[in-house]
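K.L.:
Provided below: my_file.txt, containing compact mmCIF, C-alpha atoms and all ligand atoms.
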```txt
# COMPACT_ATOMS: atom_id res chain seq x y z
CA MET A 1 76.07 55.05 51.27
CA LYS A 2 78.32 58.07 50.76
CA ILE A 3 80.08 58.25 47.39
CA GLY A 4 82.54 60.90 46.32
CA ILE A 5 86.10 62.11 46.04
CA ASP A 6 88.43 59.90 48.00
CA LYS A 7 91.75 61.35 46.84
CA LEU A 8 92.94 64.20 44.64
CA GLY A 9 96.32 64.46 42.88
CA PHE A 10 97.81 67.09 40.59
CA PHE A 11 100.74 67.45 38.23
CA THR A 12 102.05 70.27 36.11
CA PRO A 13 105.53 70.40 34.51
CA ASP A 14 108.29 72.18 36.45
CA LEU A 15 108.55 75.12 34.00
CA TYR A 16 106.65 78.41 33.92
CA VAL A 17 106.70 81.78 32.24
CA ASP A 18 106.17 84.95 34.27
CA MET A 19 103.10 86.89 33.16
CA THR A 20 104.74 90.29 33.71
CA GLU A 21 107.56 89.28 31.36
CA LEU A 22 105.05 87.93 28.83
CA ALA A 23 103.07 91.19 29.01
CA HIS A 24 106.22 93.25 28.32
CA ALA A 25 107.06 90.99 25.35
CA ARG A 26 103.53 91.50 23.96
CA ASN A 27 103.48 95.28 24.57
CA GLU A 28 100.67 94.97 27.11
CA ASP A 29 100.32 96.57 30.54
CA PRO A 30 101.24 93.77 33.03
CA ASN A 31 98.14 94.64 35.08
CA LYS A 32 95.99 93.48 32.19
CA TYR A 33 97.32 89.95 32.76
CA LEU A 34 97.78 90.14 36.55
CA ILE A 35 94.47 91.86 37.39
CA GLY A 36 92.34 92.01 34.24
CA ILE A 37 92.83 88.30 33.45
CA GLY A 38 93.99 87.28 36.92
CA GLN A 39 97.05 85.21 36.05
CA GLU A 40 100.53 85.52 37.58
CA LYS A 41 102.47 82.58 36.12
CA MET A 42 101.72 80.18 33.25
CA ALA A 43 102.76 76.55 33.03
CA VAL A 44 105.06 75.77 30.10
CA ILE A 45 104.80 72.24 28.74
CA PRO A 46 108.01 70.66 27.42
CA PRO A 47 107.72 68.23 24.46
CA THR A 48 108.55 65.37 26.87
CA GLN A 49 105.13 65.80 28.55
CA ASP A 50 101.68 65.18 27.09
CA VAL A 51 98.28 64.39 28.59
CA VAL A 52 99.21 60.75 29.21
CA THR A 53 102.46 61.45 31.08
CA MET A 54 100.91 64.32 33.04
CA ALA A 55 97.99 62.08 34.05
CA ALA A 56 100.36 59.31 35.11
CA ASN A 57 102.45 61.78 37.14
CA ALA A 58 99.29 63.13 38.84
CA ALA A 59 97.86 59.68 39.59
CA LYS A 60 101.19 58.44 40.96
CA THR A 61 100.94 60.96 43.83
CA ILE A 62 97.75 59.36 45.20
CA LEU A 63 97.42 55.68 44.27
CA THR A 64 98.40 52.92 46.69
CA ASP A 65 98.66 49.26 45.70
CA LYS A 66 95.26 48.69 47.33
CA ASP A 67 93.68 51.47 45.25
CA LYS A 68 95.16 49.93 42.12
CA GLU A 69 93.56 46.59 42.98
CA GLN A 70 90.16 48.23 43.52
CA ILE A 71 90.12 50.37 40.35
CA ASP A 72 88.11 48.70 37.60
CA LEU A 73 87.26 51.79 35.54
CA VAL A 74 89.51 54.58 34.24
CA ILE A 75 87.79 57.60 32.67
CA PHE A 76 90.25 59.93 30.96
CA ALA A 77 88.72 63.31 30.20
CA THR A 78 90.69 65.47 27.78
CA GLU A 79 90.27 67.77 24.82
CA SER A 80 93.96 67.52 23.90
CA GLY A 81 94.04 63.80 23.21
CA ILE A 82 96.93 62.20 21.36
CA ASP A 83 95.01 59.77 19.15
CA ASN A 84 91.68 59.80 17.34
CA SER A 85 91.06 56.13 18.07
CA LYS A 86 92.96 54.77 21.04
CA ALA A 87 92.02 56.05 24.50
CA SER A 88 94.71 57.79 26.57
CA ALA A 89 93.33 55.73 29.48
CA VAL A 90 94.77 52.55 27.96
CA TYR A 91 98.32 53.94 27.94
CA LEU A 92 97.75 55.31 31.43
CA ALA A 93 96.52 52.00 32.86
CA ARG A 94 99.67 50.30 31.62
CA LEU A 95 102.01 53.00 32.95
CA LEU A 96 100.34 52.85 36.39
CA GLY A 97 100.43 49.05 36.47
CA LEU A 98 96.65 48.70 36.82
CA ASN A 99 94.87 45.37 36.41
CA ALA A 100 94.04 44.29 32.88
CA ASP A 101 90.49 43.39 34.04
CA ILE A 102 89.29 46.98 33.80
CA ARG A 103 87.42 49.37 31.51
CA ALA A 104 89.59 52.25 30.27
CA ILE A 105 88.04 54.94 28.11
CA GLU A 106 88.51 58.53 26.95
CA LEU A 107 85.75 61.10 27.26
CA LYS A 108 85.40 64.54 25.68
CA GLN A 109 83.24 67.60 26.16
CA ALA A 110 85.67 70.53 26.37
CA CYS A 111 86.28 71.65 29.97
CA TYR A 112 83.18 69.80 31.22
CA GLY A 113 84.68 66.33 30.49
CA ALA A 114 86.10 65.58 33.96
CA THR A 115 82.80 66.51 35.60
CA ALA A 116 80.96 64.10 33.31
CA GLY A 117 83.55 61.48 34.32
CA ILE A 118 83.00 62.11 38.03
CA GLN A 119 79.22 61.87 37.68
CA LEU A 120 79.43 58.61 35.70
CA ALA A 121 81.96 57.24 38.20
CA GLN A 122 79.50 57.77 41.06
CA GLU A 123 76.91 55.67 39.28
CA HIS A 124 79.47 52.90 38.81
CA VAL A 125 80.41 52.94 42.52
CA ALA A 126 76.73 52.95 43.50
CA LEU A 127 76.41 49.61 41.66
CA PHE A 128 79.78 48.24 42.79
CA PRO A 129 80.70 49.85 46.14
CA GLU A 130 83.84 47.75 46.54
CA HIS A 131 85.32 49.24 43.36
CA LYS A 132 87.00 52.57 42.71
CA VAL A 133 87.10 54.73 39.60
CA LEU A 134 90.09 56.79 38.50
CA VAL A 135 88.93 59.97 36.73
CA ILE A 136 91.52 62.09 34.96
CA GLY A 137 91.23 65.67 33.74
CA ALA A 138 94.36 66.39 31.69
CA ASP A 139 94.97 69.03 29.04
CA ILE A 140 97.39 71.41 27.38
CA ALA A 141 95.64 74.73 26.71
CA ARG A 142 96.91 76.17 23.43
CA TYR A 143 95.57 79.26 21.64
CA GLY A 144 98.77 80.24 19.84
CA LEU A 145 101.62 82.70 20.26
CA ARG A 146 100.59 86.38 20.13
CA THR A 147 96.86 85.61 20.14
CA PRO A 148 94.37 87.19 22.60
CA GLY A 149 94.00 83.76 24.22
CA GLU A 150 97.76 83.38 24.81
CA PRO A 151 97.76 84.66 28.41
CA THR A 152 95.07 82.09 29.24
CA GLN A 153 97.15 79.05 28.24
CA GLY A 154 98.69 76.52 30.65
CA GLY A 155 98.48 72.79 31.24
CA GLY A 156 98.48 69.95 33.71
CA ALA A 157 96.51 66.99 35.01
CA VAL A 158 94.28 66.27 37.95
CA ALA A 159 93.66 62.70 39.14
CA VAL A 160 90.42 62.13 41.07
CA LEU A 161 89.76 58.84 42.83
CA ILE A 162 86.04 58.17 43.27
CA GLY A 163 84.88 55.63 45.83
CA ALA A 164 82.46 54.72 48.61
CA ASP A 165 83.00 56.31 52.06
CA PRO A 166 85.34 58.91 50.53
CA LYS A 167 88.04 60.63 52.55
CA MET A 168 87.48 64.08 51.05
CA LEU A 169 84.13 65.10 49.60
CA ALA A 170 80.84 63.14 49.76
CA LEU A 171 78.90 64.21 46.68
CA ASP A 172 75.19 65.05 46.76
CA ARG A 173 73.01 63.07 44.38
CA LYS A 174 71.07 66.05 43.00
CA SER A 175 72.69 68.32 40.47
CA ALA A 176 71.60 70.61 37.64
CA TYR A 177 72.98 70.30 34.11
CA TYR A 178 72.39 72.04 30.79
CA THR A 179 73.54 71.60 27.18
CA ARG A 180 73.13 73.82 24.11
CA ASP A 181 74.90 73.81 20.75
CA ILE A 182 77.08 76.95 20.93
CA MET A 183 80.18 77.92 18.88
CA ASP A 184 82.24 79.74 21.51
CA PHE A 185 85.32 77.47 21.45
CA TRP A 186 86.22 74.46 19.34
CA ARG A 187 89.22 72.73 17.74
CA PRO A 188 88.61 71.17 14.30
CA LEU A 189 90.43 67.91 13.55
CA GLY A 190 94.03 68.55 12.49
CA LYS A 191 94.31 71.90 14.26
CA THR A 192 96.74 72.09 17.16
CA GLU A 193 95.35 75.34 18.57
CA ALA A 194 91.82 76.08 19.74
CA MET A 195 89.52 78.49 17.94
CA VAL A 196 87.76 80.75 20.39
CA ASP A 197 85.44 83.71 20.52
CA GLY A 198 86.64 84.76 23.97
CA LYS A 199 84.17 87.53 24.75
CA TYR A 200 81.21 85.45 23.54
CA SER A 201 82.48 82.48 25.56
CA SER A 202 82.68 84.58 28.74
CA ASN A 203 79.07 85.72 28.24
CA ILE A 204 77.84 82.18 27.62
CA TYR A 205 79.72 80.96 30.72
CA LEU A 206 77.79 83.48 32.85
CA GLU A 207 74.49 82.71 31.11
CA PHE A 208 74.93 78.98 31.75
CA LEU A 209 75.89 79.69 35.38
CA GLU A 210 72.64 81.61 35.83
CA HIS A 211 70.67 78.77 34.25
CA VAL A 212 72.12 75.85 36.23
CA TRP A 213 72.19 77.79 39.51
CA THR A 214 68.47 78.64 39.18
CA SER A 215 67.68 75.06 38.24
CA TYR A 216 69.85 73.74 41.13
CA THR A 217 68.13 75.90 43.75
CA GLN A 218 64.71 74.81 42.46
CA LYS A 219 65.69 71.12 42.59
CA THR A 220 67.38 71.18 46.01
CA GLY A 221 65.88 74.10 47.90
CA LEU A 222 69.45 75.16 48.81
CA LYS A 223 70.41 78.83 48.81
CA ILE A 224 73.71 80.67 48.58
CA LYS A 225 73.86 80.98 52.39
CA ASP A 226 74.01 77.16 52.61
CA PHE A 227 77.45 77.08 50.96
CA ASP A 228 80.78 77.46 52.72
CA ALA A 229 82.61 77.76 49.39
CA VAL A 230 81.71 77.76 45.71
CA LEU A 231 84.21 76.70 43.06
CA PHE A 232 84.21 77.69 39.41
CA HIS A 233 85.74 76.42 36.22
CA LEU A 234 88.74 78.74 35.87
CA PRO A 235 89.93 79.20 32.26
CA TYR A 236 91.58 82.26 33.85
CA THR A 237 90.85 83.29 37.40
CA LYS A 238 89.07 86.56 36.52
CA MET A 239 86.38 84.46 34.82
CA GLY A 240 85.60 82.73 38.11
CA LEU A 241 85.57 86.08 39.88
CA LYS A 242 82.92 87.28 37.44
CA GLY A 243 80.92 84.12 38.15
CA LEU A 244 81.26 84.62 41.90
CA ARG A 245 80.14 88.26 41.67
CA GLN A 246 77.08 87.19 39.71
CA LEU A 247 76.24 84.47 42.23
CA ILE A 248 76.61 86.63 45.35
CA ALA A 249 74.98 89.76 43.90
CA ASP A 250 71.92 89.31 46.13
CA ALA A 251 73.58 87.34 48.94
CA ASP A 252 73.58 88.49 52.58
CA PRO A 253 76.85 90.29 53.48
CA VAL A 254 78.17 87.49 55.72
CA SER A 255 77.79 84.84 53.00
CA ALA A 256 79.22 87.20 50.36
CA VAL A 257 82.37 87.87 52.42
CA ARG A 258 82.81 84.17 53.29
CA LEU A 259 82.49 83.03 49.67
CA ALA A 260 84.79 85.81 48.43
CA GLN A 261 87.47 84.82 50.97
CA GLU A 262 87.29 81.14 50.05
CA PHE A 263 87.41 82.02 46.36
CA GLU A 264 90.84 83.61 46.90
CA HIS A 265 92.12 80.30 48.36
CA ALA A 266 90.46 78.41 45.52
CA ARG A 267 92.10 80.42 42.75
CA LYS A 268 95.58 80.63 44.28
CA PHE A 269 97.11 77.65 42.43
CA ASN A 270 95.20 78.36 39.19
CA ARG A 271 96.79 81.84 39.15
CA LEU A 272 100.18 80.13 39.14
CA VAL A 273 99.46 77.44 36.55
CA GLY A 274 97.00 78.86 34.01
CA ASN A 275 94.31 76.92 32.23
CA LEU A 276 94.27 73.13 32.30
CA TYR A 277 90.89 73.04 30.60
CA THR A 278 88.91 70.15 32.10
CA GLY A 279 91.16 69.82 35.15
CA SER A 280 90.84 73.51 36.11
CA LEU A 281 87.81 73.18 38.37
CA TYR A 282 89.50 70.32 40.25
CA LEU A 283 92.80 72.17 40.61
CA SER A 284 90.68 74.90 42.18
CA LEU A 285 89.16 72.34 44.58
CA LEU A 286 92.66 71.17 45.49
CA SER A 287 93.80 74.77 45.95
CA LEU A 288 90.86 75.46 48.27
CA LEU A 289 91.42 72.35 50.36
CA GLN A 290 95.14 72.98 50.72
CA ASN A 291 94.96 76.73 51.39
CA SER A 292 91.73 77.40 53.32
CA GLU A 293 92.07 77.62 57.09
CA GLN A 294 88.34 78.00 57.77
CA LEU A 295 86.87 74.91 56.17
CA SER A 296 86.16 71.88 58.32
CA ALA A 297 84.16 68.65 58.19
CA GLY A 298 80.53 69.25 57.25
CA ALA A 299 81.27 72.28 55.04
CA ARG A 300 79.19 72.32 51.87
CA ILE A 301 81.13 73.10 48.70
CA GLY A 302 79.43 73.97 45.41
CA LEU A 303 81.08 73.27 42.06
CA PHE A 304 80.24 75.04 38.79
CA SER A 305 81.57 73.17 35.78
CA TYR A 306 81.50 74.73 32.32
CA GLY A 307 82.69 73.32 29.00
CA SER A 308 82.46 75.37 25.84
CA GLY A 309 80.32 74.10 23.07
CA ALA A 310 78.50 74.22 25.56
CA GLU A 311 77.60 72.26 28.65
CA ALA A 312 77.43 73.19 32.34
CA GLU A 313 76.62 71.56 35.65
CA PHE A 314 76.24 72.80 39.22
CA TYR A 315 76.66 70.19 41.92
CA ALA A 316 77.85 70.03 45.51
CA GLY A 317 79.48 67.91 48.16
CA VAL A 318 80.07 67.83 51.90
CA LEU A 319 83.60 67.91 53.27
CA GLN A 320 84.63 64.82 55.23
CA ALA A 321 86.66 64.75 58.46
CA SER A 322 89.77 63.24 56.84
CA PHE A 323 89.77 65.52 53.78
CA LYS A 324 93.41 66.62 54.22
CA GLU A 325 94.53 62.97 54.01
CA GLY A 326 93.16 62.73 50.48
CA LEU A 327 96.03 64.94 49.27
CA MET A 328 98.47 62.25 50.44
CA GLY A 329 100.84 64.68 52.16
CA MET A 330 101.65 66.66 49.02
CA ASP A 331 102.62 70.33 49.50
CA TYR A 332 101.57 71.89 46.20
CA GLU A 333 102.60 75.39 47.24
CA GLN A 334 106.16 74.10 47.45
CA VAL A 335 105.84 72.06 44.24
CA LEU A 336 104.75 75.19 42.35
CA GLN A 337 107.45 77.36 43.95
CA GLN A 338 110.20 74.95 42.95
CA ARG A 339 109.48 75.27 39.23
CA ARG A 340 112.06 76.90 36.95
CA LYS A 341 111.22 80.18 35.25
CA VAL A 342 111.87 80.17 31.50
CA SER A 343 112.30 83.28 29.38
CA VAL A 344 109.61 84.27 26.87
CA ALA A 345 111.97 83.15 24.07
CA GLU A 346 112.41 79.71 25.67
CA TYR A 347 108.64 79.37 26.18
CA GLU A 348 108.07 80.18 22.50
CA GLU A 349 110.65 77.60 21.45
CA LEU A 350 109.07 74.90 23.65
CA PHE A 351 105.60 75.86 22.39
CA ASN A 352 106.71 75.12 18.81
CA LYS A 353 108.48 71.87 19.74
CA GLN A 354 105.41 69.86 20.76
CA LEU A 355 105.16 66.54 18.92
CA TYR A 356 102.09 66.53 16.69
CA ASN A 357 101.61 64.27 13.72
CA THR A 358 105.30 63.33 13.80
CA GLU A 359 106.29 59.94 12.39
CA THR A 360 109.59 59.36 14.17
CA LYS A 361 111.57 61.57 16.54
CA LEU A 362 113.46 60.74 19.70
CA LEU A 363 113.49 63.28 22.51
CA ASP A 364 116.18 63.93 25.09
CA TYR A 365 114.07 63.51 28.23
CA HIS A 366 116.86 63.57 30.83
CA ALA A 367 116.25 67.21 31.77
CA ASP A 368 112.61 66.39 32.59
CA ALA A 369 112.49 65.57 36.31
CA ALA A 370 108.99 64.04 36.17
CA SER A 371 108.62 60.30 36.78
CA PHE A 372 106.76 59.61 33.54
CA VAL A 373 108.02 61.13 30.29
CA LEU A 374 107.45 60.95 26.57
CA ALA A 375 110.71 59.72 25.06
CA GLY A 376 109.62 60.34 21.46
CA VAL A 377 107.63 58.69 18.69
CA LYS A 378 108.58 55.77 16.46
CA GLY A 379 106.39 54.98 13.47
CA TYR A 380 103.66 57.24 14.94
CA GLN A 381 103.74 55.26 18.22
CA ARG A 382 104.34 57.34 21.33
CA GLN A 383 107.15 56.00 23.51
CA TYR A 384 106.33 56.43 27.19
CA LEU A 385 108.61 55.51 30.04
CA GLU A 386 109.13 55.91 33.76
CA HIS A 387 112.57 57.16 34.80
N1 LIG A 401 94.71 96.87 34.30
C1 LIG A 401 93.69 96.12 34.79
N2 LIG A 401 92.79 95.48 33.98
C2 LIG A 401 92.95 95.61 32.66
C3 LIG A 401 93.99 96.37 32.08
C4 LIG A 401 94.90 97.03 32.97
N3 LIG A 401 95.92 97.76 32.52
N4 LIG A 401 93.89 96.31 30.74
C5 LIG A 401 92.80 95.51 30.47
N5 LIG A 401 92.24 95.10 31.63
C6 LIG A 401 91.08 94.22 31.80
C7 LIG A 401 89.94 94.52 30.85
O1 LIG A 401 89.13 95.57 31.35
C8 LIG A 401 89.22 93.18 30.85
O2 LIG A 401 88.47 93.05 32.02
P1 LIG A 401 86.92 92.58 31.96
O3 LIG A 401 86.89 91.24 31.31
O4 LIG A 401 86.49 92.58 33.38
O5 LIG A 401 86.24 93.62 31.12
C9 LIG A 401 90.38 92.19 30.95
O6 LIG A 401 91.49 92.91 31.45
C10 LIG A 401 90.79 91.55 29.63
O7 LIG A 401 90.97 92.59 28.71
P2 LIG A 401 90.44 92.45 27.21
O8 LIG A 401 90.75 93.69 26.47
O9 LIG A 401 89.00 92.00 27.26
O10 LIG A 401 91.37 91.26 26.74
P3 LIG A 401 91.47 90.53 25.36
O11 LIG A 401 90.57 91.08 24.35
O12 LIG A 401 92.91 90.48 25.05
O13 LIG A 401 90.94 89.02 25.71
C11 LIG A 401 90.17 87.05 26.78
C12 LIG A 401 90.80 88.45 26.97
C13 LIG A 401 90.00 86.39 28.15
C14 LIG A 401 88.80 87.17 26.13
C15 LIG A 401 91.13 86.20 25.89
O14 LIG A 401 92.32 86.01 26.59
C16 LIG A 401 90.56 84.88 25.49
O15 LIG A 401 89.80 84.77 24.53
N6 LIG A 401 90.93 83.80 26.17
C17 LIG A 401 90.35 82.49 25.96
C18 LIG A 401 89.49 82.21 27.14
C19 LIG A 401 88.33 81.34 26.81
O16 LIG A 401 87.45 81.76 26.12
N7 LIG A 401 88.32 80.12 27.29
C20 LIG A 401 87.26 79.22 27.10
C21 LIG A 401 86.04 79.60 27.89
S1 LIG A 401 85.78 78.62 29.26
```
So that I can check it, write out the structure of this file as structure tokens.
P.N.:
Amino acid sequence: MKIGIDKLGFFTPDLYVDMTELAHARNEDPNKYLIGIGQEKMAVIPPTQDVVTMAANAAKTILTDKDKEQIDLVIFATESGIDNSKASAVYLARLLGLNADIRAIELKQACYGATAGIQLAQEHVALFPEHKVLVIGADIARYGLRTPGEPTQGGGAVAVLIGADPKMLALDRKSAYYTRDIMDFWRPLGKTEAMVDGKYSSNIYLEFLEHVWTSYTQKTGLKIKDFDAVLFHLPYTKMGLKGLRQLIADADPVSAVRLAQEFEHARKFNRLVGNLYTGSLYLSLLSLLQNSEQLSAGARIGLFSYGSGAEAEFYAGVLQASFKEGLMGMDYEQVLQQRRKVSVAEYEELFNKQLYNTETKLLDYHADAASFVLAGVKGYQRQYLEH
């Protein structure tokens, strides 16, 4: 039985800041951000959006009533959760109108979380093929204003529906994974911005890639020439480019050119959104599937997932004939083009307006065009609604 990704949905708020303008405001050469980091636009998250609303907005683009009936497990991967006890998945299940006879949990391991969710979901579907699992990767990447990490911020949510006989990507059973206790990126309780040793983190990313790729080839016998595309976790798109260069260093020229071309399709949307932490790899998958003109049924796609702290996995899947249908007719190029540019000053104001540890505050959500919004907090309870 084939098990894998049946549908893929994405949401990011309709605001962005231009990286050239941000570079000027920070006295940096714009090419540092555009080429050196590989980012062109960065999603700006208004206070009326958080991981729950973004996840609901992403899931809404893909779920039919039949899907909702079949879902009996919701795995919400995030490292920007809104509560230390209650799972974001419980709010989400209610907003989406899912059955009450489900499991709904939150899962965390930095940017690796959604991959862990997808792997666990496959095991669930293997036991219960008539059921589907909704896996969410939703985050707001925050390093702080005027920090080195600032140009690698962003945010959004990816919704991944896992099921039997999937429309999009049938996942291979064998994968290679690796975990070591590393302090490259973390966020202590109570802190709203991540702590990061960026250069160290980049080196560890590449070291883990080397490790899981070697282990993967030993387990499966597959080689780089067997892949039509390889996707990378993209905290910023230059990081994936470094990973790709490492992977194709000894590849034959035909494979190297093919993988480099597909990588450009795969990073297109990430360049325009920025980092969504655990959803980034899956936004890259969506970007590849929407933008590539070469890929067709039977293509093998490799996925390298990395989460600081640190954990990595390399796995793969085979593209299915109806893979375009899994995007449910969404044109994400257009969605991203229709966003409104905010000035650097407006971005800074919105950055400081996020609701954290607030007891009571009502928000004016009418300017937020998304279906699901955060209307405020009352007595520390977040007020979500669909409008
Ligand atoms: N034109 C083209 N490239 C330029 C440039 C210019 N004018 N100026 C600088 N660059 C290049 C640098 O050579 C460097 O490239 P390299 O990485 O290939 O060497 C790149 O731009 C970044 O410059 P650098 O001086 O290293 O930037 P920085 O010290 O400000 O930090 C990060 C960059 C990515 C380390 C920082 O943004 C960060 O820590 N981000 C958090 C990312 C992270 O760790 N996420 C979690 C891991 S998954």
K.L.:
Counting all atoms listed in the file, what residues are within 7 Å of ligand LIG 401 (chain A), given as a ChimeraX atom specification?
P.N.:
/A:29-33,35-37,148-152,185,196-199,201-202,205,235,306-308
K.L.:
Selection from above, C-alpha atoms, as an mmCIF file, keeping the file's coordinate frame, can you write it?
P.N.:
```cif
data_model
loop_
_atom_site.group_PDB
_atom_site.id
_atom_site.type_symbol
_atom_site.label_atom_id
_atom_site.label_comp_id
_atom_site.auth_asym_id
_atom_site.auth_seq_id
_atom_site.Cartn_x
_atom_site.Cartn_y
_atom_site.Cartn_z
ATOM 1 C CA ASP A 29 100.320 96.570 30.540
ATOM 2 C CA PRO A 30 101.240 93.770 33.030
ATOM 3 C CA ASN A 31 98.140 94.640 35.080
ATOM 4 C CA LYS A 32 95.990 93.480 32.190
ATOM 5 C CA TYR A 33 97.320 89.950 32.760
ATOM 6 C CA ILE A 35 94.470 91.860 37.390
ATOM 7 C CA GLY A 36 92.340 92.010 34.240
ATOM 8 C CA ILE A 37 92.830 88.300 33.450
ATOM 9 C CA PRO A 148 94.370 87.190 22.600
ATOM 10 C CA GLY A 149 94.000 83.760 24.220
ATOM 11 C CA GLU A 150 97.760 83.380 24.810
ATOM 12 C CA PRO A 151 97.760 84.660 28.410
ATOM 13 C CA THR A 152 95.070 82.090 29.240
ATOM 14 C CA PHE A 185 85.320 77.470 21.450
ATOM 15 C CA VAL A 196 87.760 80.750 20.390
ATOM 16 C CA ASP A 197 85.440 83.710 20.520
ATOM 17 C CA GLY A 198 86.640 84.760 23.970
ATOM 18 C CA LYS A 199 84.170 87.530 24.750
ATOM 19 C CA SER A 201 82.480 82.480 25.560
ATOM 20 C CA SER A 202 82.680 84.580 28.740
ATOM 21 C CA TYR A 205 79.720 80.960 30.720
ATOM 22 C CA PRO A 235 89.930 79.200 32.260
ATOM 23 C CA TYR A 306 81.500 74.730 32.320
ATOM 24 C CA GLY A 307 82.690 73.320 29.000
ATOM 25 C CA SER A 308 82.460 75.370 25.840
#
```
K.L.:
Could you state the separation of atom CA of Gly317 of chain A and atom CA of Gly221 of chain A in Å, given to one decimal place?
P.N.:
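Atom CA of Gly317 of chain A sits 14.9 Å away from atom CA of Gly221 of chain A.
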K.L.:
Go ahead and compute the interatomic distance for atom CA of Phe128 of chain A and atom CA of Ala89 of chain A, in Å to one decimal.
P.N.:
20.4 Å
K.L.:
Can you list, as a list in words, every protein, DNA or RNA residue that comes within 6 Å of segment 161-171 of chain A when you count all atoms listed in the file, leaving out same-chain residues fewer than 4 positions away?
P.N.:
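The residues satisfying every condition are Lys2, Ile3, Gly4, Ile5, Asp6, Lys7, Pro129, Lys132, Val133, Leu134, Gly317, Val318, Leu319, Gln320, Ser322, Phe323 and Gly326 of chain A.
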K.L.:
Of the candidates A:Tyr236, A:Phe11, A:Tyr177, A:Phe263, which shows the shortest atom-to-atom distance to Lys41 of chain A, using all atoms listed in the file?
P.N.:
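For Lys41 of chain A, the nearest of the given residues is A:Tyr236.
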K.L.:
Taking all atoms listed in the file into account, which of A:Ile136, A:Leu285, A:Ile118, A:Leu34 comes nearest Ala55 of chain A?
P.N.:
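Among the listed residues, the smallest separation from Ala55 of chain A belongs to A:Ile136.
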K.L.:
Between A:Glu28, A:Lys341, A:Phe76, A:Arg94, which residue has the minimum interatomic distance to Leu385 of chain A, considering only C-alpha atoms?
P.N.:
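Ranking A:Glu28, A:Lys341, A:Phe76, A:Arg94 by distance to Leu385 of chain A, first place goes to A:Arg94.
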K.L.:
For Tyr282 of chain A, work out the shell of residues within 12 Å, counting all atoms listed in the file and skipping chain neighbours fewer than 6 positions away, then give it as a PyMOL selection string.
P.N.:
chain A and resi 5+7-11+111-115+118+135-138+156-161+169+231-235+266-267+269-270+275-276+288-289+302-305
K.L.:
Which distance in Å separates atom CA of Asp252 of chain A and atom CA of Ile301 of chain A, to one decimal?
P.N.:
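A separation of 17.6 Å between them.
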K.L.:
Which is closer to Asp250 of chain A than all the others in A:Ile224, A:Gly379, A:Leu92, A:Arg187, using all atoms listed in the file?
P.N.:
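Of A:Ile224, A:Gly379, A:Leu92, A:Arg187, the one nearest Asp250 of chain A is A:Ile224, counting all atoms listed in the file.
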K.L.:
Write out as JSON, numbers by chain the residues lying within 8 Å of Gly243 of chain A, counting only C-alpha atoms and excluding same-chain residues fewer than 2 positions away.
P.N.:
{"A": [206, 209, 232, 239, 240, 241, 245, 246, 247]}
K.L.:
Need the shell around Ala251 of chain A: protein/DNA/RNA residues with any atom at most 12 Å away, counting all atoms listed in the file. Skip same-chain ones fewer than 3 positions apart. Format as number ranges by chain?
P.N.:
A: 223-227, 244-248, 254-260
K.L.:
Hey, can you spit out that residue selection with C-alpha atoms as a short mmCIF file (atom, residue, chain, number, x, y, z; two decimals), in the frame of the given file?
P.N.:
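Ended up saving to result_39.cif:
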```
data_model
loop_
_atom_site.label_atom_id
_atom_site.label_comp_id
_atom_site.auth_asym_id
_atom_site.auth_seq_id
_atom_site.Cartn_x
_atom_site.Cartn_y
_atom_site.Cartn_z
CA LYS A 223 70.41 78.83 48.81
CA ILE A 224 73.71 80.67 48.58
CA LYS A 225 73.86 80.98 52.39
CA ASP A 226 74.01 77.16 52.61
CA PHE A 227 77.45 77.08 50.96
CA LEU A 244 81.26 84.62 41.90
CA ARG A 245 80.14 88.26 41.67
CA GLN A 246 77.08 87.19 39.71
CA LEU A 247 76.24 84.47 42.23
CA ILE A 248 76.61 86.63 45.35
CA VAL A 254 78.17 87.49 55.72
CA SER A 255 77.79 84.84 53.00
CA ALA A 256 79.22 87.20 50.36
CA VAL A 257 82.37 87.87 52.42
CA ARG A 258 82.81 84.17 53.29
CA LEU A 259 82.49 83.03 49.67
CA ALA A 260 84.79 85.81 48.43
#
```
K.L.:
May I ask which of the residues A:Lys242, A:Arg146, A:Lys86, A:Lys219 is the closest one to Gly38 of chain A, counting only C-alpha atoms?
P.N.:
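Among the listed residues, A:Lys242 lies closest to Gly38 of chain A.
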K.L.:
Distance cut-off 12 Å, centre (94.1, 69.6, 21.0) in file coordinates, counting all atoms listed in the file: which residues qualify? Return them as number ranges by chain.
P.N.:
A: 50-51, 78-84, 108, 110, 138-144, 155, 185-195, 276-277, 354-357
